[in-house]
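One structure below.
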There are 2 protein chains.
Amino acid sequence: MTDPIVRFALHGGAGVLDPNSFPEARRIEVVRTLRAIATRACDALRAGTGAIAVVGQAVAELEDAEFFNAGYGAVLNADGEAELDAAIMDGRDRSAGAACAVRAVRNPVRLADAIRRDGRHVLLAAAGAERFARTHGVATCAPEDLVLPIRRAQLAAAQRENRISLDHDERYDLVERKSGTVGAVARDRDGHLAAATSTGGMTNKLPGRVGDAPLIGGGTFADDSTCAVSATGHGEMFIRAVLAHDLHARIAYRGDALPVAADAALAAVAALGGEGGLIAIDRHGDTVLPFNSPGMYRAWLDGDRIRVGIYRDIEAD
Amino acid sequence: MTDPIVRFALHGGAGVLDPNSFPEARRIEVVRTLRAIATRACDALRAGTGAIAVVGQAVAELEDAEFFNAGYGAVLNADGEAELDAAIMDGRDRSAGAACAVRAVRNPVRLADAIRRDGRHVLLAAAGAERFARTHGVATCAPEDLVLPIRRAQLAAAQRENRISLDHDERYDLVERKSGTVGAVARDRDGHLAAATSTGGMTNKLPGRVGDAPLIGGGTFADDSTCAVSATGHGEMFIRAVLAHDLHARIAYRGDALPVAADAALAAVAALGGEGGLIAIDRHGDTVLPFNSPGMYRAWLDGDRIRVGIYRDIEAD
């Protein structure tokens, strides 16, 4: 007997444009994209597709959308290259796969899932991860195929000011500022949970820099007994807070309800100086999407309805 | 007013020779090395050196010792290269640094600590990490300078059998089997905690494979409010269990005593099929060194005495 209550949430990063400056046509386009991806994911879940397949597909679609800092359109490191991080985790058995500092892979979440299914390793880095992609049927591309022209201007601006920036950094010119990391969490008809996250990290980051997204327990975690989590924000603080596992542990060991655990885990990141947000679904199907940044691109299933949000008090649909 | 109770523990990996086959001269040499490094660390702690400096120095000395699978003498990946992982974390402020899949760096823990002190990033991978070493005063070397000849034979044996092996894999020829990952945890006179871990991972691993050692919360973690942890074993299961942060969380959120928390965290790794061990010191100075493998090279301060162990029931000193 399956439980028909499916749940889904996605994020497109905690970096958002100032609401007064966000071109309306662009905002509508982003909202439409988020809604379409969430709708397809929910349809798949209702049709019986497993949570692990749904989060992988949703994140791949977010990677393909140029609005987001993942896959095509990712930000550039100090060498002018897109270096990508991704992870995926299945709450059924805690199987996990991840790739970090990879170039030349258009959908790093597909690579992460291929590593998970292969089963020998959990995390592969850089050239070794790219080689795994080529030898395991994961589509590769030329590194420059990932580069959206606007990212070069963004990098040049960051380098003029000698700073490393999250994509949501307030100081970006508005036309240059785009959204951030992407992620998805789901609960399928059988009550299984899964999470996936993908990112290009920070503009002008040092080559080889790895954020929290590909770290199991950092920016990505899933366990059927507690919750599925995907985070976005200033990765270094999320790593030091071990954010995603911290949320799990507060549920598992303190018995905290999901909203309490999520707020406390995010507060621990903030205490380290970190800004960002997370999406999480627990085993009961409760869904939370907290953030301590000005906004977070997000869509989620609320009852039978897909909702989309960007800012704290603005419902985007 | 400082608390004079300093504490220290180190491990040289959960891979040990069968006690009936361990050449006595070699065993004595390993024990002497472990004791000498632990003695220097405890002397430094008593003299007032901080925990973070002491664990970095102890792990660098373990890396330099050819017996261990870290730094010089590390195991080789499927390409015949030593690719190294390391992390260090300061319990005072949770500052952390780590490097993964790096070649050409003789002391990866020094690189990890340089990343920590730099403060921009927590984790750097592969060529980017090597470049950071070159530009930030961390000694580099030719990749082949890390290779101990016996590791080539070990890799050839693994490749003949088409397997990926932890250094403590039972199937190794005895002369080829050497010890594993290294790590250290300390509590200094001011009650501050720190942890560091360094490893070459698994023989015949895929190039780019990253284990738990460099993952904050995976194989390395420290927080003054709870404990400092360094792990060794089958990294993939330690990553999925988020072992080091799990131990922290059981203390922080369940109020478990250190021995209870450590055994439960290691049992969670075992439930995923993982073998290995850990060393941990809590804020009260309690020290534990549990393992579920046949043995674990280890040394620790017990009262005023340095003790050294290899097997479960054998006191090596």
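Going by the structure tokens order, chains are called A, B, ..., each with residues numbered from 1, while ligands are numbered from 1 in the order shown.
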Tell me, counting only C-alpha atoms, for each residue of chain A within 6 Å of chain B, which pair of atoms is nearest and how far apart they are in Å to one decimal, in rows ordered by chain and increasing number, as a tab-separated table.
residue	atom	partner	partner_atom	distance
A:Val122	CA	B:Glu236	CA	5.7
A:Leu123	CA	B:Val210	CA	5.3
A:Leu124	CA	B:Arg209	CA	4.4
A:Ala125	CA	B:Gly208	CA	4.6
A:Gly128	CA	B:Gly208	CA	4.1
A:Pro207	CA	B:Gly128	CA	4.8
A:Gly208	CA	B:Gly128	CA	4.1
A:Arg209	CA	B:Leu124	CA	4.4
A:Val210	CA	B:Leu123	CA	5.3
A:Glu236	CA	B:Val122	CA	5.7
A:Tyr253	CA	B:Arg254	CA	5.3
A:Arg254	CA	B:Tyr253	CA	5.3
### Query
Could you name the residues that touch region 65-72 of chain A at 9 Å or less, counting only C-alpha atoms, but leaving out those on the same chain fewer than 2 positions away, as JSON, numbers by chain?
{"A": [12, 13, 30, 33, 60, 61, 62, 63, 74, 75, 82, 84, 85, 86, 105, 106, 107, 108, 109, 145, 146, 147, 148, 167, 178, 179, 180, 181, 182, 198, 199, 200, 201, 202]}
### Task
Name the residues in contact with region 18-26 of chain A at a cut-off of 8 Å, using only C-alpha atoms, excluding same-chain residues fewer than 2 positions from it; report them as a PyMOL selection string.
chain A and resi 16+28-30+174+311
Selected residues written out with N, CA, C and O atoms, as a short mmCIF file (atom, residue, chain, number, x, y, z; two decimals), in the first residue's frame:
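To be explicit, this is the file written out as out-v2.cif:
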data_model
loop_
_atom_site.label_atom_id
_atom_site.label_comp_id
_atom_site.auth_asym_id
_atom_site.auth_seq_id
_atom_site.Cartn_x
_atom_site.Cartn_y
_atom_site.Cartn_z
N VAL A 16 19.06 36.70 -5.08
CA VAL A 16 17.95 37.24 -5.88
C VAL A 16 18.17 38.71 -6.14
O VAL A 16 18.92 39.38 -5.42
N ILE A 28 9.14 37.20 -14.53
CA ILE A 28 8.10 36.29 -15.01
C ILE A 28 8.70 35.04 -15.65
O ILE A 28 8.25 33.93 -15.42
N GLU A 29 9.78 35.26 -16.36
CA GLU A 29 10.44 34.13 -17.04
C GLU A 29 11.03 33.15 -16.01
O GLU A 29 10.92 31.92 -16.15
N VAL A 30 11.65 33.70 -14.97
CA VAL A 30 12.24 32.85 -13.93
C VAL A 30 11.14 32.09 -13.20
O VAL A 30 11.23 30.88 -12.97
N LEU A 174 23.05 45.18 -11.36
CA LEU A 174 21.82 44.40 -11.42
C LEU A 174 21.76 43.49 -12.65
O LEU A 174 21.31 42.37 -12.57
N TYR A 311 10.88 36.48 -2.85
CA TYR A 311 11.23 37.26 -1.67
C TYR A 311 10.49 36.70 -0.46
O TYR A 311 9.68 35.79 -0.56
#
### Task
Check the DSSP output for the backbone and give back, as a PyMOL selection string, the residues of region 116-274 of chain A in strand (DSSP E or B).
chain A and resi 123-125+140+165+182-187+193-199+203+209-210+216+220-222+227-233
### Spatial neighbours of Val138 (chain B), max dist 8 Å, only C-alpha atoms, sep filter under 4 positions, as a list of chain:residue names
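What passes the distance filter is B:Val105, B:Arg110, B:Leu111, B:Ala114, B:Ala133, B:Arg134.
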Restricting the output to N, CA and C atoms, write the selected residues as a short mmCIF file (atom, residue, chain, number, x, y, z; two decimals), in the first residue's frame.
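To be explicit, this is the file written out as result_15.cif:
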data_model
loop_
_atom_site.label_atom_id
_atom_site.label_comp_id
_atom_site.auth_asym_id
_atom_site.auth_seq_id
_atom_site.Cartn_x
_atom_site.Cartn_y
_atom_site.Cartn_z
N VAL B 105 52.35 17.42 -3.09
CA VAL B 105 52.43 18.12 -1.81
C VAL B 105 52.82 17.08 -0.76
N ARG B 110 49.72 20.45 6.03
CA ARG B 110 50.23 21.83 6.03
C ARG B 110 49.45 22.68 5.02
N LEU B 111 49.13 22.07 3.90
CA LEU B 111 48.31 22.77 2.90
C LEU B 111 46.92 23.05 3.47
N ALA B 114 47.14 25.90 5.80
CA ALA B 114 47.33 27.18 5.08
C ALA B 114 46.00 27.67 4.51
N ALA B 133 49.18 25.77 -2.88
CA ALA B 133 50.38 25.41 -2.13
C ALA B 133 51.58 26.19 -2.65
N ARG B 134 51.73 26.20 -3.97
CA ARG B 134 52.90 26.87 -4.56
C ARG B 134 52.89 28.37 -4.28
#
### Query
Can you list, as a list in words, every protein, DNA or RNA residue that comes within 7 Å of region 268-271 of chain A when you count only C-alpha atoms, leaving out same-chain residues fewer than 3 positions away?
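The contact residues come out as Met237, Phe238, Ala241, Ala264, Ala265, Gly274 and Glu275 of chain A.
The space between CA of Asp90 (chain A) and CA of Arg116 (chain A) spans 9.0 Å.
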#### Entry: Residue contacts of region 288-304 of chain A (7 Å, only C-alpha atoms) excluding same-chain residues fewer than 3 positions away, as a count of residues only
28
### Message
Just to confirm, what's the straight-line distance from CA of Ile52 (chain B) to CA of Ala194 (chain B) in Å (one decimal)?
### Response
5.1 Å
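Picture a line from CA of Ala87 (chain B) to CA of Ala184 (chain B); it runs 10.8 Å.
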### Task
Please return as a ChimeraX atom specification: the residues of region 132-305 of chain B that backbone DSSP assigns to alpha helix (DSSP H).
/B:132-135,149-160,235-241,243-254,258-271
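The closest residue to His136 (chain B), picked from B:Ala156, B:Leu193, B:Ile115, B:Val229 and counting only C-alpha atoms, is B:Ile115.
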